[in-house]
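Colleague: Have a peek at run_1.cif (mmCIF, C-alpha atoms).
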data_target
#
loop_
_atom_site.label_atom_id
_atom_site.label_comp_id
_atom_site.auth_asym_id
_atom_site.auth_seq_id
_atom_site.Cartn_x
_atom_site.Cartn_y
_atom_site.Cartn_z
CA MET A 1 113.55 122.58 84.78
CA ASN A 2 113.13 124.59 81.60
CA PHE A 3 115.02 127.69 80.45
CA ALA A 4 113.20 130.48 78.61
CA ILE A 5 116.11 131.78 76.55
CA LYS A 6 115.27 134.64 74.24
CA LYS A 7 116.37 134.04 70.68
CA VAL A 8 119.01 136.48 69.51
CA THR A 9 117.44 138.20 66.53
CA ASP A 10 119.24 138.86 63.25
CA VAL A 11 117.29 142.09 62.71
CA PHE A 12 120.29 144.18 63.76
CA ASN A 13 122.93 142.23 61.82
CA GLN A 14 123.11 144.71 58.93
CA GLN A 15 123.31 147.65 61.35
CA ILE A 16 126.05 145.93 63.35
CA GLN A 17 128.05 145.06 60.23
CA SER A 18 127.68 148.58 58.89
CA THR A 19 128.92 150.05 62.17
CA ILE A 20 131.97 147.79 62.16
CA ASP A 21 132.74 148.33 58.46
CA GLY A 22 132.41 152.08 58.90
CA LYS A 23 135.29 152.31 61.36
CA THR A 24 138.58 153.83 60.19
CA LYS A 25 140.21 150.58 59.10
CA PRO A 26 140.28 148.26 56.10
CA LEU A 27 137.37 145.82 55.93
CA GLY A 28 137.87 142.91 58.30
CA ALA A 29 141.20 144.26 59.52
CA LEU A 30 140.44 143.53 63.19
CA GLY A 31 139.83 139.87 62.46
CA GLN A 32 138.25 137.89 65.27
CA LEU A 33 137.75 141.03 67.34
CA GLU A 34 135.15 141.96 64.75
CA ASP A 35 133.48 138.56 65.11
CA THR A 36 133.47 138.98 68.89
CA ALA A 37 131.98 142.46 68.64
CA LYS A 38 129.21 141.00 66.47
CA ILE A 39 128.36 138.43 69.15
CA ILE A 40 128.26 141.06 71.89
CA ALA A 41 126.27 143.50 69.77
CA ALA A 42 123.78 140.89 68.60
CA VAL A 43 123.03 139.93 72.20
CA GLN A 44 122.95 143.40 73.68
CA LEU A 45 121.13 145.23 70.89
CA SER A 46 118.48 142.57 70.38
CA THR A 47 117.80 141.41 73.93
CA VAL A 48 118.93 143.95 76.50
CA ASN A 49 117.92 147.31 75.09
CA THR A 50 117.05 147.92 71.47
CA ASP A 51 117.67 151.66 71.96
CA GLN A 52 121.19 151.03 73.23
CA GLN A 53 123.93 151.76 70.70
CA SER A 54 127.03 151.14 72.82
CA LEU A 55 128.20 147.79 74.13
CA SER A 56 129.06 147.11 77.76
CA ILE A 57 130.95 144.53 79.79
CA LYS A 58 129.82 144.85 83.40
CA HIS A 59 131.17 143.13 86.50
CA PRO A 60 132.72 140.10 84.73
CA SER A 61 132.39 137.10 87.04
CA LEU A 62 134.11 133.72 86.90
CA PHE A 63 132.96 130.70 88.90
CA ILE A 64 135.08 127.61 89.49
CA PHE A 65 132.88 124.57 90.04
CA ALA A 66 134.68 121.71 91.81
CA GLY A 67 133.55 118.10 92.11
CA ASP A 68 135.08 114.66 92.54
CA HIS A 69 134.69 111.72 90.18
CA GLY A 70 134.50 108.10 91.23
CA VAL A 71 136.09 107.13 87.92
CA ALA A 72 139.38 108.55 89.21
CA ALA A 73 139.82 105.32 91.18
CA GLN A 74 139.78 103.36 87.90
CA GLY A 75 143.33 104.39 87.07
CA VAL A 76 142.50 107.23 84.66
CA SER A 77 144.58 109.92 86.37
CA ILE A 78 148.02 110.37 87.87
CA ALA A 79 146.49 112.27 90.81
CA PRO A 80 144.23 110.96 93.59
CA SER A 81 140.85 112.53 94.31
CA GLU A 82 142.27 114.22 97.42
CA VAL A 83 144.00 116.71 95.11
CA THR A 84 140.63 118.24 94.22
CA SER A 85 140.09 119.38 97.80
CA GLN A 86 143.67 120.58 98.04
CA MET A 87 143.24 122.70 94.94
CA VAL A 88 139.93 124.11 96.19
CA ALA A 89 141.78 125.25 99.29
CA ASN A 90 144.42 126.77 97.02
CA PHE A 91 141.74 128.66 95.07
CA ALA A 92 140.23 129.91 98.31
CA SER A 93 143.58 131.18 99.55
CA GLY A 94 144.43 132.88 96.24
CA GLY A 95 147.39 130.76 95.18
CA ALA A 96 146.35 129.21 91.87
CA ALA A 97 146.88 130.39 88.30
CA ILE A 98 143.23 131.36 88.00
CA ASN A 99 143.53 133.60 91.07
CA VAL A 100 146.51 135.38 89.54
CA PHE A 101 144.80 135.89 86.19
CA CYS A 102 141.50 137.05 87.69
CA LYS A 103 143.26 139.55 89.94
CA GLN A 104 145.34 140.86 87.05
CA LEU A 105 142.50 141.12 84.53
CA GLY A 106 139.56 142.24 86.66
CA TRP A 107 137.38 139.17 87.10
CA GLN A 108 135.33 138.63 90.25
CA LEU A 109 136.24 135.04 91.18
CA SER A 110 134.10 132.61 93.20
CA VAL A 111 134.69 128.96 94.10
CA VAL A 112 131.82 126.46 94.31
CA ASP A 113 131.94 123.05 95.98
CA THR A 114 129.52 120.91 93.96
CA GLY A 115 130.60 117.69 95.67
CA ILE A 116 134.24 117.10 96.56
CA LEU A 117 135.41 114.05 98.47
CA SER A 118 136.82 116.01 101.40
CA PRO A 119 134.86 119.21 102.09
CA ILE A 120 136.94 122.17 103.17
CA ASP A 121 136.06 122.94 106.80
CA ASN A 122 135.68 126.58 107.79
CA CYS A 123 136.97 127.76 104.43
CA SER A 124 135.71 131.24 103.75
CA GLY A 125 134.80 132.04 100.19
CA VAL A 126 133.80 128.52 99.08
CA ILE A 127 130.12 128.32 98.13
CA ASN A 128 128.42 125.10 99.22
CA GLN A 129 126.33 123.60 96.42
CA ARG A 130 127.10 119.97 97.12
CA LEU A 131 125.21 117.21 95.35
CA GLY A 132 127.14 114.44 97.13
CA ASN A 133 130.68 113.51 98.12
CA ILE A 134 131.79 111.97 94.82
CA THR A 135 130.14 110.53 91.72
CA ALA A 136 129.96 106.79 91.14
CA PRO A 137 132.50 105.28 88.70
CA LEU A 138 130.79 105.85 85.35
CA ASN A 139 131.95 102.52 83.90
CA ILE A 140 130.32 100.60 86.76
CA ALA A 141 127.14 102.55 87.49
CA SER A 142 125.40 105.81 86.67
CA ALA A 143 127.57 108.67 87.87
CA MET A 144 124.56 110.12 89.70
CA SER A 145 120.77 110.07 89.76
CA LEU A 146 118.50 112.23 87.66
CA ALA A 147 117.32 113.79 90.93
CA GLN A 148 120.88 114.96 91.60
CA VAL A 149 121.06 116.43 88.08
CA GLU A 150 117.83 118.36 88.69
CA LEU A 151 119.07 119.60 92.06
CA GLY A 152 122.31 120.74 90.44
CA PHE A 153 120.34 122.65 87.82
CA GLU A 154 118.30 124.39 90.51
CA LYS A 155 121.36 125.36 92.56
CA ALA A 156 123.35 126.65 89.58
CA THR A 157 120.39 128.63 88.26
CA ALA A 158 119.90 130.37 91.60
CA LEU A 159 123.62 131.20 91.76
CA VAL A 160 123.64 132.78 88.30
CA LYS A 161 120.50 134.80 89.05
CA SER A 162 122.13 136.16 92.19
CA VAL A 163 125.20 137.45 90.35
CA HIS A 164 123.05 138.88 87.55
CA GLU A 165 121.08 140.85 90.12
CA LYS A 166 124.37 142.48 91.16
CA GLY A 167 124.87 143.84 87.65
CA CYS A 168 126.99 141.16 85.98
CA ASN A 169 126.39 140.77 82.24
CA LEU A 170 129.35 138.54 81.35
CA ILE A 171 130.10 135.27 83.09
CA ALA A 172 132.63 132.46 82.72
CA PHE A 173 133.09 129.08 84.31
CA GLY A 174 136.08 126.99 85.30
CA GLU A 175 136.28 123.54 86.85
CA MET A 176 138.34 121.38 89.13
CA GLY A 177 137.88 117.65 89.57
CA ILE A 178 140.34 114.79 89.29
CA GLY A 179 138.98 112.47 86.61
CA ASN A 180 136.84 115.06 84.88
CA THR A 181 138.56 114.83 81.49
CA THR A 182 137.39 111.20 81.41
CA SER A 183 133.83 112.31 82.12
CA ALA A 184 134.04 115.08 79.50
CA ALA A 185 135.46 112.68 76.90
CA ALA A 186 132.64 110.23 77.59
CA ILE A 187 130.09 113.03 77.16
CA MET A 188 131.79 114.05 73.91
CA ALA A 189 131.61 110.49 72.59
CA ALA A 190 127.93 110.22 73.52
CA VAL A 191 126.89 113.58 72.06
CA MET A 192 128.92 113.33 68.86
CA ALA A 193 128.42 109.57 68.42
CA ILE A 194 132.11 108.91 67.81
CA PRO A 195 134.53 106.34 69.24
CA ALA A 196 136.21 106.93 72.60
CA SER A 197 139.60 106.85 70.88
CA GLU A 198 138.78 110.15 69.17
CA CYS A 199 137.85 111.81 72.44
CA VAL A 200 140.44 110.73 74.99
CA GLY A 201 143.43 112.95 75.72
CA ARG A 202 146.21 113.17 78.26
CA GLY A 203 144.39 115.29 80.82
CA THR A 204 146.94 116.33 83.41
CA GLY A 205 149.72 114.72 81.39
CA VAL A 206 149.24 110.98 81.79
CA SER A 207 151.21 108.20 80.11
CA ASP A 208 150.22 106.23 77.01
CA GLU A 209 149.22 103.38 79.30
CA ILE A 210 146.79 105.56 81.25
CA VAL A 211 145.38 106.97 78.01
CA LYS A 212 144.53 103.39 77.00
CA ILE A 213 142.87 102.80 80.37
CA LYS A 214 140.80 105.97 79.95
CA GLN A 215 139.71 104.81 76.53
CA GLN A 216 138.73 101.37 77.85
CA VAL A 217 136.83 102.88 80.78
CA ILE A 218 134.85 105.15 78.48
CA GLU A 219 134.09 102.30 76.08
CA GLN A 220 132.79 100.27 79.04
CA ALA A 221 130.66 103.21 80.18
CA LEU A 222 129.15 103.78 76.73
CA VAL A 223 128.16 100.11 76.49
CA LEU A 224 126.81 100.07 80.06
CA HIS A 225 124.63 103.16 79.56
CA GLN A 226 123.75 102.78 75.88
CA GLY A 227 120.04 102.67 76.67
CA ASN A 228 120.18 105.78 78.86
CA LEU A 229 121.90 108.33 76.65
CA ASN A 230 118.85 109.68 74.88
CA SER A 231 118.70 113.15 76.45
CA PRO A 232 121.27 115.64 77.80
CA LYS A 233 120.14 115.09 81.39
CA GLU A 234 120.39 111.32 80.99
CA ILE A 235 123.91 111.76 79.62
CA LEU A 236 124.80 113.91 82.62
CA ALA A 237 123.37 111.36 85.05
CA SER A 238 125.15 108.47 83.37
CA LEU A 239 128.51 110.02 82.50
CA GLY A 240 128.77 113.46 84.08
CA GLY A 241 130.26 115.09 87.12
CA PHE A 242 128.65 117.29 89.72
CA GLU A 243 130.63 120.26 88.44
CA ILE A 244 129.75 119.55 84.79
CA VAL A 245 126.06 119.39 85.72
CA GLN A 246 126.18 122.80 87.36
CA ILE A 247 128.25 124.39 84.58
CA THR A 248 125.72 123.15 82.01
CA ALA A 249 122.84 124.64 83.97
CA ALA A 250 124.73 127.86 84.70
CA MET A 251 125.32 128.45 80.99
CA LEU A 252 121.61 128.06 80.30
CA ALA A 253 120.64 130.24 83.26
CA ALA A 254 123.05 132.97 82.18
CA ALA A 255 121.60 133.06 78.67
CA GLU A 256 118.12 133.17 80.17
CA GLN A 257 119.26 136.32 82.01
CA GLU A 258 120.61 137.70 78.70
CA MET A 259 124.22 137.47 79.85
CA LEU A 260 127.23 136.70 77.68
CA VAL A 261 128.84 133.33 78.45
CA VAL A 262 132.59 132.81 78.01
CA VAL A 263 133.31 129.13 77.38
CA ASP A 264 136.62 127.75 78.64
CA GLY A 265 138.30 124.53 77.51
CA PHE A 266 137.56 120.83 77.09
CA ILE A 267 135.39 120.18 80.13
CA CYS A 268 133.41 123.41 79.81
CA THR A 269 132.87 122.80 76.09
CA ALA A 270 131.43 119.38 76.94
CA ALA A 271 128.98 121.22 79.19
CA ALA A 272 128.32 123.74 76.40
CA MET A 273 127.45 120.94 73.96
CA LEU A 274 124.87 119.62 76.42
CA ALA A 275 123.51 123.09 77.10
CA ILE A 276 123.05 123.66 73.36
CA SER A 277 121.32 120.28 73.08
CA ILE A 278 118.88 121.40 75.79
CA ASN A 279 118.19 124.82 74.24
CA LYS A 280 119.87 125.78 70.98
CA ASN A 281 119.32 129.51 71.65
CA VAL A 282 122.08 129.45 74.29
CA LYS A 283 124.78 129.16 71.62
CA ASN A 284 124.32 132.74 70.42
CA TYR A 285 125.25 134.01 73.90
CA MET A 286 128.53 132.08 73.93
CA ILE A 287 132.04 133.36 73.25
CA PHE A 288 134.53 130.48 72.97
CA ALA A 289 137.72 131.54 74.70
CA HIS A 290 140.40 129.14 73.54
CA CYS A 291 141.33 125.81 72.03
CA SER A 292 142.96 123.70 74.71
CA GLY A 293 145.82 121.24 74.40
CA GLU A 294 143.41 118.36 75.06
CA GLN A 295 143.28 116.42 71.80
CA GLY A 296 139.49 116.17 71.57
CA HIS A 297 138.81 119.85 72.07
CA GLN A 298 139.40 120.92 68.46
CA LYS A 299 136.95 118.23 67.34
CA MET A 300 134.37 119.64 69.77
CA LEU A 301 134.84 123.16 68.46
CA SER A 302 134.59 121.96 64.86
CA HIS A 303 131.42 120.05 65.72
CA LEU A 304 129.91 123.24 67.13
CA GLN A 305 131.23 125.27 64.17
CA VAL A 306 132.85 127.88 66.39
CA LYS A 307 136.25 129.54 66.34
CA PRO A 308 137.97 130.28 69.68
CA LEU A 309 139.77 133.52 70.41
CA LEU A 310 143.00 131.96 71.67
CA ASN A 311 145.16 128.93 70.98
CA LEU A 312 147.90 128.86 73.61
CA GLY A 313 148.19 125.13 74.21
CA LEU A 314 146.57 125.51 77.63
CA ARG A 315 145.34 122.38 79.41
CA LEU A 316 145.15 123.54 83.00
CA GLY A 317 141.42 123.99 83.39
CA GLU A 318 140.28 126.23 86.26
CA GLY A 319 138.81 128.63 83.69
CA THR A 320 142.24 130.00 82.83
CA GLY A 321 141.57 130.24 79.08
CA ALA A 322 138.29 132.04 79.70
CA ALA A 323 139.98 134.44 82.09
CA LEU A 324 142.69 135.31 79.57
CA ALA A 325 140.10 136.10 76.89
CA LEU A 326 138.59 139.01 78.84
CA PRO A 327 140.90 141.78 77.51
CA LEU A 328 140.07 140.73 73.95
CA ILE A 329 136.34 140.78 74.67
CA GLN A 330 136.70 144.22 76.25
CA ALA A 331 138.75 145.41 73.26
CA ALA A 332 136.04 144.19 70.89
CA ALA A 333 133.40 146.21 72.74
CA ALA A 334 135.71 149.24 72.97
CA PHE A 335 136.49 149.50 69.27
CA TYR A 336 132.80 149.10 68.43
CA ASN A 337 131.90 151.90 70.84
CA ASP A 338 134.76 154.36 70.51
CA MET A 339 136.64 153.95 67.25
CA ALA A 340 135.83 156.80 64.87
CA SER A 341 133.96 156.27 61.63
CA PHE A 342 135.40 157.55 58.36
CA THR A 343 132.96 160.47 58.45
CA GLN A 344 133.69 161.36 62.07
CA ALA A 345 137.45 161.32 61.48
CA GLN A 346 137.14 163.02 58.07
CA VAL A 347 139.12 160.18 56.53
CA THR A 348 138.40 159.12 52.97
CA ASP A 349 136.63 155.77 52.90
CA VAL A 350 138.58 153.87 50.25
CA THR A 351 136.93 150.57 51.21
CA GLY A 352 133.63 151.41 49.57
CA ALA A 353 131.90 149.60 52.40
CA ASN A 354 129.62 152.48 53.29
CA THR A 355 128.49 153.57 49.87
CA ASN A 356 124.78 154.35 50.06
CA LYS A 357 124.72 153.35 53.73
CA ALA A 358 123.60 155.53 56.59
CA GLU A 359 126.43 156.81 58.74
CA ASP A 360 126.49 155.97 62.43
#
Output the structure of this file as structure tokens.
Modeller:
Amino acid sequence: MNFAIKKVTDVFNQQIQSTIDGKTKPLGALGQLEDTAKIIAAVQLSTVNTDQQSLSIKHPSLFIFAGDHGVAAQGVSIAPSEVTSQMVANFASGGAAINVFCKQLGWQLSVVDTGILSPIDNCSGVINQRLGNITAPLNIASAMSLAQVELGFEKATALVKSVHEKGCNLIAFGEMGIGNTTSAAAIMAAVMAIPASECVGRGTGVSDEIVKIKQQVIEQALVLHQGNLNSPKEILASLGGFEIVQITAAMLAAAEQEMLVVVDGFICTAAAMLAISINKNVKNYMIFAHCSGEQGHQKMLSHLQVKPLLNLGLRLGEGTGAALALPLIQAAAAFYNDMASFTQAQVTDVTGANTNKAED
């Protein structure tokens, strides 16, 4: 399926910069909050309503996509696949870190089963978007079929449209899936055309021996699928996970609905790289939340030429970094909307930024 994502225009860039520079502060004094305000303003002034002057963050929603990976049985993780289902149950009952952060910060949290080994019976609050029980080991066979990728895109797109219809204009994604750092590292290697050794990290905190196994498994997978890594969907089918498929599609669908997309850590950035490869316009809707403790993540961010809001050494997943970024995103919108200009506050503008410029 195709995504008709409206290009974010640069027509308003000078107006946005002038508004920010005209606030009662030294030029650039709010640092990355100013950069974040520019992203929000560029999206909302050029796509949502060109008459709108104030920025808004409405009904922020975070979806955890969970899926199991056959590669977990190849010795790449300290945890068995059964832990994925156990953690999904923990999300559903409100006991995980992401539940705590979402409750504290005001996110609407939803949990999506994209294909876990042991489905949660009679578990209220878990959305069923299963593409299978578990992916195939990516170093032995294709993780899934292209038909499963397409089905995942359809399901994720419908989910995003449903939350947009309820008024959400900012969305974030988290993930859960034992073995998914191996899948994400393989995707990274394929997209960036770099060796597996530069992509593999410790995931949940594995030993040096397991890191070597992960590297070997990814090298095997890249050789096995070398003729089938020519498009983002082929990469997903060969190396991906059910949850990564749906996150990729959800990012594209959100941008198509002119929503802001908050990108979490290593796994979600792998999905973001694929989404950008499918439609480059999606990148301008993205706010990168944090740089994770996973060693390949900084390389991903550098490749995309983006700067994350936070660097807390997080490597939990679940969307925790994205969740923690919300107050900063809200603060960026708030200062843009409500902070007085030099003229409004009758403060002398010593910056010279607004000389010969129209006041807001």
Colleague: Neighbours of Gly179 in chain A within 7 Å (all atoms listed in the file; same-chain residues fewer than 2 positions away dropped), as a list in words?
Modeller: His69, Val71, Ala72, Val76, Ser77, Gly177, Thr181, Thr182 and Ser183 of chain A
Colleague: Would you mind telling me which residue in A:Lys58, A:Lys155, A:Lys25, A:His290 lies nearest to Val306 in chain A when using all atoms listed in the file?
Modeller: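 Closest to Val306 in chain A, using all atoms listed in the file: A:His290.
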Colleague: On this file, the PyMOL selection byres ((chain A and resi 330-346) around 8) gives some set of residues; write that set as number ranges by chain.
Modeller: A: 19-20, 22-24, 33-34, 36-37, 40, 53-57, 326-329, 347-349, 359-360
Colleague: With distances taken over only C-alpha atoms, which residue among A:Leu252, A:Leu105, A:Ile213, A:Leu146 lies nearest Lys233 in chain A?
Modeller: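 With only C-alpha atoms as the atom set, the closest residue is A:Leu146.
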Colleague: Go through A:Gly321, A:Gly132, A:Gly227, A:Gly95 and flag the residue nearest Pro119 in chain A, using only C-alpha atoms for the distances.
Modeller: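 Looking at the shortest contact to Pro119 in chain A, the residue is A:Gly132.
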Colleague: Could you state the separation of CA of Ile247 in chain A and CA of Leu138 in chain A in Å, given to one decimal place?
Modeller: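 Pair CA of Ile247 in chain A / CA of Leu138 in chain A returns 18.7 Å.
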Colleague: Skipping near chain neighbours, those fewer than 5 positions away, what residues fall within 10 Å of Ser145 in chain A using all atoms listed in the file, listed as a ChimeraX atom specification?
Modeller: /A:135-136,150-151,233-234,236-238
Colleague: I'd like the neighbourhood of Val88 in chain A as a PyMOL selection string, where a residue qualifies if any of its atoms comes within 8 Å (using all atoms listed in the file), though same-chain residues fewer than 4 positions away should be ignored.
Modeller: chain A and resi 66+84+92+111+120+176
Colleague: Got a sec to resolve the PyMOL selection byres ((chain A and resi 255-266) around 7) on this structure and send the residues as a PyMOL selection string?
Modeller: chain A and resi 3-6+47-48+169-174+251-254+267-270+282+285-292+294+297+317+319+321-322
Colleague: With distances taken over all atoms listed in the file, which of A:Ser61, A:Ser162, A:Ser302, A:Ser197 is nearest to Gln108 in chain A?
Modeller: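 Of all the options, A:Ser61 lies closest to Gln108 in chain A.
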Colleague: Identify which of the residues A:Ala249, A:Leu310, A:Leu117, A:Cys168 lies closest to Ser81 in chain A, counting all atoms listed in the file when measuring atom-to-atom distances.
Modeller: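 Looking at the shortest contact to Ser81 in chain A, the residue is A:Leu117.
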Colleague: Tell me which of A:Gly205, A:Gly75, A:Leu131, A:Asn284 sits closest to Leu314 in chain A, counting all atoms listed in the file.
Modeller: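 Using all atoms listed in the file, Leu314 in chain A sits closest to A:Gly205.
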Colleague: In Å, how far is it from CA of Ala189 in chain A to CA of Val245 in chain A?
Modeller: 16.8 Å
